$ cat work17.tsv   # TSV, C-alpha atoms
chain	number	residue	atom	x	y	z
A	129	MET	CA	124.41	39.00	117.52
A	130	ASN	CA	126.08	40.44	114.47
A	131	ILE	CA	127.14	37.69	112.00
A	132	ILE	CA	130.37	39.54	111.17
A	133	ILE	CA	131.35	39.59	114.84
A	134	ILE	CA	130.48	35.90	115.23
A	135	LEU	CA	132.59	34.97	112.20
A	136	TYR	CA	135.45	37.13	113.50
A	137	LEU	CA	135.27	35.42	116.92
A	138	ILE	CA	135.32	31.99	115.26
A	139	LEU	CA	138.34	32.95	113.12
A	140	LEU	CA	140.23	34.43	116.07
A	141	ALA	CA	139.36	31.44	118.28
A	142	SER	CA	140.40	28.98	115.57
A	143	LEU	CA	143.80	30.64	115.15
A	144	HIS	CA	144.27	30.73	118.92
A	145	ALA	CA	143.31	27.03	119.20
A	146	LYS	CA	145.78	26.11	116.44
A	147	MET	CA	148.59	27.99	118.24
A	148	GLU	CA	147.77	26.23	121.51
A	149	LEU	CA	147.67	22.84	119.81
A	150	MET	CA	151.16	23.40	118.42
A	151	ALA	CA	152.47	24.39	121.85
A	152	GLU	CA	150.60	21.85	123.99
A	153	GLY	CA	150.55	18.83	121.69
A	154	LYS	CA	148.55	15.93	123.06
A	155	SER	CA	148.95	16.96	126.68
A	156	GLY	CA	146.46	19.82	126.82
A	157	TRP	CA	145.86	22.50	129.46
A	158	GLY	CA	149.53	23.48	129.44
A	159	ILE	CA	150.41	20.42	131.52
A	160	ASN	CA	154.00	20.42	130.26
A	161	PHE	CA	154.45	24.19	130.28
A	162	PRO	CA	157.13	25.50	132.67
A	163	CYS	CA	154.80	27.85	134.53
A	164	TRP	CA	153.28	28.31	137.94
A	165	ARG	CA	150.00	26.62	138.86
A	166	ILE	CA	147.29	27.29	141.41
A	167	ASN	CA	144.91	24.52	142.34
A	168	ASN	CA	142.65	25.20	145.30
A	169	ARG	CA	138.93	25.24	146.10
A	170	ILE	CA	138.41	28.85	145.03
A	171	ILE	CA	140.12	28.36	141.65
A	172	ASN	CA	138.30	25.05	141.10
A	173	PHE	CA	134.98	26.73	141.89
A	174	LEU	CA	135.67	29.65	139.54
A	175	ILE	CA	137.16	27.87	136.52
A	176	CYS	CA	136.58	24.17	137.33
A	177	LYS	CA	140.29	23.33	136.91
A	178	GLU	CA	143.73	24.46	137.98
A	179	LEU	CA	144.98	27.85	136.87
A	180	THR	CA	148.31	27.95	135.04
A	181	GLY	CA	150.49	31.00	134.57
A	182	TYR	CA	150.15	30.53	130.82
A	183	HIS	CA	146.35	30.63	130.94
A	184	PHE	CA	146.33	33.52	133.41
A	185	TYR	CA	148.44	35.74	131.14
A	186	MET	CA	146.63	34.55	128.00
A	187	CYS	CA	143.33	35.57	129.57
A	188	ILE	CA	144.68	39.01	130.49
A	189	MET	CA	146.03	39.47	126.97
A	190	PHE	CA	142.67	38.64	125.41
A	191	PHE	CA	140.84	40.79	127.97
A	192	LEU	CA	142.97	43.73	126.79
A	193	LEU	CA	142.50	42.77	123.14
A	194	PHE	CA	138.73	42.69	123.57
A	195	HIS	CA	138.88	46.14	125.15
A	196	SER	CA	141.01	47.66	122.38
A	197	PRO	CA	137.91	49.19	120.70
A	198	TYR	CA	137.99	51.74	123.53
A	199	LEU	CA	141.01	53.22	121.80
A	200	PHE	CA	138.54	54.33	119.11
A	201	ILE	CA	135.10	54.46	120.72
A	202	LYS	CA	133.69	56.00	123.85
A	203	PHE	CA	133.33	53.83	126.94
A	204	THR	CA	129.71	53.18	127.81
A	205	LEU	CA	128.11	50.58	130.04
A	206	LYS	CA	126.27	49.18	127.01
A	207	ASN	CA	129.55	48.77	125.09
A	208	GLU	CA	131.24	47.17	128.10
A	209	LEU	CA	128.45	44.66	128.63
A	210	THR	CA	128.57	43.76	124.94
A	211	LEU	CA	132.37	43.38	124.86
A	212	MET	CA	132.34	41.22	127.97
A	213	GLY	CA	129.52	39.10	126.56
A	214	TYR	CA	131.61	38.36	123.48
A	215	PHE	CA	134.65	37.80	125.73
A	216	PHE	CA	132.86	35.06	127.67
A	217	TRP	CA	131.60	33.40	124.48
A	218	TYR	CA	135.08	33.58	122.93
A	219	TRP	CA	136.52	31.16	125.49
A	220	VAL	CA	133.82	28.57	124.86
A	221	ILE	CA	134.38	28.78	121.11
A	222	GLU	CA	138.19	28.65	121.41
A	223	ASP	CA	138.19	25.71	123.81
A	224	PHE	CA	135.70	23.70	121.75
A	225	LEU	CA	137.65	24.37	118.53
A	226	TRP	CA	140.79	23.14	120.31
A	227	PHE	CA	139.14	19.73	120.63
A	228	ILE	CA	137.70	19.70	117.13
A	229	GLU	CA	141.07	20.63	115.59
A	230	SER	CA	143.15	18.31	117.81
A	231	LYS	CA	144.39	15.14	116.17
A	232	HIS	CA	144.87	13.68	119.66
A	233	TYR	CA	141.32	14.36	120.91
A	234	GLY	CA	138.79	15.32	118.26
A	235	LEU	CA	135.04	15.40	118.70
A	236	ARG	CA	134.94	11.68	119.61
A	237	SER	CA	136.87	12.34	122.81
A	238	PHE	CA	134.84	15.39	123.79
A	239	LYS	CA	133.04	13.75	126.69
A	240	LYS	CA	133.14	13.35	130.44
A	241	GLY	CA	136.01	11.20	131.64
A	242	ARG	CA	138.14	11.67	128.51
A	243	ILE	CA	139.46	15.18	129.25
A	244	TYR	CA	141.21	15.33	132.60
A	245	TRP	CA	141.07	19.12	132.95
A	246	HIS	CA	137.30	19.28	132.41
A	247	LYS	CA	136.20	17.44	135.52
A	248	ARG	CA	132.61	18.67	135.90
A	249	TRP	CA	130.08	18.10	133.09
A	250	LYS	CA	126.39	18.83	132.67
A	251	LEU	CA	124.19	17.90	129.71
A	252	GLY	CA	127.14	16.81	127.56
A	253	LEU	CA	129.30	19.92	128.07
A	254	PRO	CA	131.86	21.04	130.65
A	255	VAL	CA	130.24	23.10	133.41
A	256	SER	CA	132.61	25.98	132.60
A	257	TYR	CA	131.05	26.15	129.10
A	258	TRP	CA	127.55	26.45	130.57
A	259	GLU	CA	128.70	29.12	133.00
A	260	SER	CA	130.40	31.15	130.26
A	261	MET	CA	127.51	30.77	127.83
A	262	ILE	CA	124.96	31.86	130.44
A	263	VAL	CA	127.01	34.84	131.64
A	264	GLY	CA	128.00	35.79	128.07
A	265	THR	CA	124.41	35.64	126.82
A	266	ALA	CA	123.13	37.64	129.80
A	267	LEU	CA	125.78	40.32	129.20
A	268	LEU	CA	124.91	40.52	125.50
A	269	ILE	CA	121.22	40.87	126.31
A	270	LEU	CA	121.95	43.57	128.89
A	271	GLY	CA	124.19	45.28	126.32
A	272	GLY	CA	121.35	45.32	123.81
A	273	LYS	CA	122.61	42.62	121.44

$ encode --input "work17.tsv" --output "structure tokens"
Amino acid sequence: MNIIIILYLILLASLHAKMELMAEGKSGWGINFPCWRINNRIINFLICKELTGYHFYMCIMFFLLFHSPYLFIKFTLKNELTLMGYFFWYWVIEDFLWFIESKHYGLRSFKKGRIYWHKRWKLGLPVSYWESMIVGTALLILGGK
């Protein structure tokens, strides 16, 4: 992976985490946001937690942001695999930085049983992190990165 892209992703994710921390406070996962929520077996299987309207639209916005290079470059399968690989990694970085930067959680609280919206854990990380890191890495490899 290109170090410039990694640093850019960390910067973007850090700013995003800071904005979410200001909006969510100590509650996390938009629990106090006035938005719709979907919590069923399919959603829990896919993202391991309920889906909020806030997170749904935030994900779409970042999906479009990550695809904005296509305004300037030609679409190719290789480019798409690479962009989606970074997209999957972005969410892991942003979510982890949310905990590191949170005065209500911090790294000490980043563990199973302390974060109600991360219910499933494996090897010290939420299962959704492992899923995103595996898919993201596979996409980057397929994209030639």

$ closest_atom_pairs --input "work17.tsv" --of "range 208-263 of chain A" --to "range 153-167 of chain A" --cutoff "8 Å" --atoms "all atoms listed in the file" --output "Markdown table"
| residue | atom | partner | partner_atom | distance |
| --- | --- | --- | --- | --- |
| A:Ser230 | CA | A:Lys154 | CA | 7.9 |
| A:His232 | CA | A:Lys154 | CA | 5.5 |
| A:Tyr233 | CA | A:Lys154 | CA | 7.7 |
| A:Trp245 | CA | A:Trp157 | CA | 6.8 |

$ atom_distance --input "work17.tsv" --atom1 "CA of Tyr257 in chain A" --atom2 "CA of Phe216 in chain A"
9.2 Å

$ closest_residue --input "work17.tsv" --among "A:Leu235, A:Leu268, A:Lys273, A:Glu229" --to "Leu143 in chain A" --atoms "only C-alpha atoms"
A:Glu229

$ residues_around --input "work17.tsv" --residues "Trp226 in chain A" --least-positions-apart "3" --cutoff "10 Å" --atoms "all atoms listed in the file" --output "mmCIF file with C-alpha atoms, keeping the file's coordinate frame"
data_model
loop_
_atom_site.group_PDB
_atom_site.id
_atom_site.type_symbol
_atom_site.label_atom_id
_atom_site.label_comp_id
_atom_site.auth_asym_id
_atom_site.auth_seq_id
_atom_site.Cartn_x
_atom_site.Cartn_y
_atom_site.Cartn_z
ATOM 1 C CA ALA A 141 139.360 31.440 118.280
ATOM 2 C CA SER A 142 140.400 28.980 115.570
ATOM 3 C CA LEU A 143 143.800 30.640 115.150
ATOM 4 C CA HIS A 144 144.270 30.730 118.920
ATOM 5 C CA ALA A 145 143.310 27.030 119.200
ATOM 6 C CA LYS A 146 145.780 26.110 116.440
ATOM 7 C CA MET A 147 148.590 27.990 118.240
ATOM 8 C CA GLU A 148 147.770 26.230 121.510
ATOM 9 C CA LEU A 149 147.670 22.840 119.810
ATOM 10 C CA GLY A 156 146.460 19.820 126.820
ATOM 11 C CA VAL A 220 133.820 28.570 124.860
ATOM 12 C CA ILE A 221 134.380 28.780 121.110
ATOM 13 C CA GLU A 222 138.190 28.650 121.410
ATOM 14 C CA ASP A 223 138.190 25.710 123.810
ATOM 15 C CA GLU A 229 141.070 20.630 115.590
ATOM 16 C CA SER A 230 143.150 18.310 117.810
ATOM 17 C CA LYS A 231 144.390 15.140 116.170
ATOM 18 C CA TYR A 233 141.320 14.360 120.910
ATOM 19 C CA GLY A 234 138.790 15.320 118.260
ATOM 20 C CA LEU A 235 135.040 15.400 118.700
#

$ closest_residue --input "work17.tsv" --among "A:Leu209, A:Glu259, A:Phe227, A:Tyr214" --to "Asn130 in chain A" --atoms "all atoms listed in the file"
A:Tyr214

$ atom_distance --input "work17.tsv" --atom1 "CA of Met189 in chain A" --atom2 "CA of Phe215 in chain A"
11.6 Å

$ residues_around --input "work17.tsv" --residues "Trp219 in chain A" --least-positions-apart "5" --cutoff "10 Å" --atoms "all atoms listed in the file" --output "list in words"
Leu137, Ala141, Cys187, Phe190, Tyr214, Phe224, Leu225, Ser256, Tyr257, Ser260 and Met261 of chain A

$ atom_distance --input "work17.tsv" --atom1 "CA of Ile269 in chain A" --atom2 "CA of Tyr185 in chain A"
28.1 Å

$ closest_residue --input "work17.tsv" --among "A:Ile188, A:Ala266, A:Leu205, A:Val255" --to "Leu174 in chain A" --atoms "only C-alpha atoms"
A:Val255

$ axis_aligned_box --input "work17.tsv" --around "range 190-209 of chain A" --padding-each-side "4 Å" --output "lines of an AutoDock Vina configuration file"
center_x = 134.6
center_y = 47.3
center_z = 124.6
size_x = 24.7
size_y = 25.4
size_z = 18.9

$ residues_around --input "work17.tsv" --residues "Phe238 in chain A" --least-positions-apart "6" --cutoff "10 Å" --atoms "all atoms listed in the file" --output "mmCIF file with C-alpha atoms, keeping the file's coordinate frame"
data_model
loop_
_atom_site.group_PDB
_atom_site.id
_atom_site.type_symbol
_atom_site.label_atom_id
_atom_site.label_comp_id
_atom_site.auth_asym_id
_atom_site.auth_seq_id
_atom_site.Cartn_x
_atom_site.Cartn_y
_atom_site.Cartn_z
ATOM 1 C CA PHE A 224 135.700 23.700 121.750
ATOM 2 C CA PHE A 227 139.140 19.730 120.630
ATOM 3 C CA ILE A 228 137.700 19.700 117.130
ATOM 4 C CA HIS A 246 137.300 19.280 132.410
ATOM 5 C CA GLY A 252 127.140 16.810 127.560
ATOM 6 C CA LEU A 253 129.300 19.920 128.070
ATOM 7 C CA PRO A 254 131.860 21.040 130.650
#

$ closest_residue --input "work17.tsv" --among "A:Ile133, A:Ile170, A:Arg242, A:His183" --to "Leu211 in chain A" --atoms "only C-alpha atoms"
A:Ile133

$ residues_around --input "work17.tsv" --residues "Leu267 in chain A" --least-positions-apart "5" --cutoff "8 Å" --atoms "all atoms listed in the file" --output "PyMOL selection string"
chain A and resi 209-210+212-213

$ decode --input "work17.tsv" --residues "range 225-251 of chain A" --atoms "N, CA and C atoms" --output "compact mmCIF listing (two decimals), in the first residue's frame"
# COMPACT_ATOMS: atom_id res chain seq x y z
N LEU A 225 -10.19 4.55 15.67
CA LEU A 225 -9.80 5.90 16.10
C LEU A 225 -10.89 6.54 16.95
N TRP A 226 -12.14 6.22 16.69
CA TRP A 226 -13.25 6.73 17.51
C TRP A 226 -13.01 6.34 18.97
N PHE A 227 -12.61 5.10 19.20
CA PHE A 227 -12.37 4.65 20.57
C PHE A 227 -11.12 5.27 21.16
N ILE A 228 -10.06 5.34 20.38
CA ILE A 228 -8.82 5.93 20.88
C ILE A 228 -9.04 7.40 21.27
N GLU A 229 -9.80 8.14 20.46
CA GLU A 229 -9.99 9.57 20.67
C GLU A 229 -11.13 9.88 21.64
N SER A 230 -11.90 8.89 22.04
CA SER A 230 -13.04 9.12 22.93
C SER A 230 -12.59 9.24 24.38
N LYS A 231 -13.00 10.31 25.02
CA LYS A 231 -12.69 10.47 26.45
C LYS A 231 -13.58 9.57 27.30
N HIS A 232 -14.66 9.06 26.72
CA HIS A 232 -15.58 8.19 27.46
C HIS A 232 -15.22 6.71 27.33
N TYR A 233 -14.47 6.35 26.31
CA TYR A 233 -14.08 4.95 26.11
C TYR A 233 -12.58 4.78 26.20
N GLY A 234 -11.86 5.24 25.19
CA GLY A 234 -10.41 5.09 25.17
C GLY A 234 -10.00 3.65 24.90
N LEU A 235 -8.73 3.44 24.80
CA LEU A 235 -8.18 2.12 24.49
C LEU A 235 -8.46 1.11 25.61
N ARG A 236 -8.53 1.58 26.86
CA ARG A 236 -8.80 0.69 28.00
C ARG A 236 -10.14 -0.03 27.86
N SER A 237 -11.11 0.65 27.30
CA SER A 237 -12.45 0.08 27.17
C SER A 237 -12.66 -0.67 25.87
N PHE A 238 -11.65 -0.75 25.06
CA PHE A 238 -11.78 -1.42 23.76
C PHE A 238 -11.63 -2.92 23.97
N LYS A 239 -12.70 -3.53 24.47
CA LYS A 239 -12.69 -4.97 24.70
C LYS A 239 -14.11 -5.50 24.76
N LYS A 240 -14.21 -6.79 24.57
CA LYS A 240 -15.50 -7.47 24.59
C LYS A 240 -16.24 -7.19 25.90
N GLY A 241 -17.53 -6.90 25.77
CA GLY A 241 -18.34 -6.65 26.94
C GLY A 241 -18.40 -5.19 27.37
N ARG A 242 -17.52 -4.35 26.84
CA ARG A 242 -17.49 -2.93 27.22
C ARG A 242 -18.15 -2.04 26.18
N ILE A 243 -18.37 -2.57 24.98
CA ILE A 243 -18.92 -1.77 23.88
C ILE A 243 -20.17 -2.50 23.39
N TYR A 244 -21.33 -1.98 23.75
CA TYR A 244 -22.57 -2.72 23.52
C TYR A 244 -22.87 -2.96 22.04
N TRP A 245 -22.39 -2.11 21.15
CA TRP A 245 -22.72 -2.29 19.73
C TRP A 245 -21.75 -3.23 19.01
N HIS A 246 -20.66 -3.58 19.65
CA HIS A 246 -19.76 -4.61 19.11
C HIS A 246 -19.98 -5.86 19.97
N LYS A 247 -20.90 -6.68 19.52
CA LYS A 247 -21.30 -7.84 20.32
C LYS A 247 -20.40 -9.06 20.09
N ARG A 248 -19.92 -9.24 18.88
CA ARG A 248 -19.12 -10.43 18.54
C ARG A 248 -17.65 -10.04 18.40
N TRP A 249 -16.79 -10.74 19.12
CA TRP A 249 -15.35 -10.49 19.12
C TRP A 249 -14.59 -11.76 18.83
N LYS A 250 -13.42 -11.60 18.23
CA LYS A 250 -12.53 -12.71 17.93
C LYS A 250 -11.10 -12.19 18.04
N LEU A 251 -10.28 -12.87 18.80
CA LEU A 251 -8.86 -12.51 18.94
C LEU A 251 -8.65 -11.03 19.30
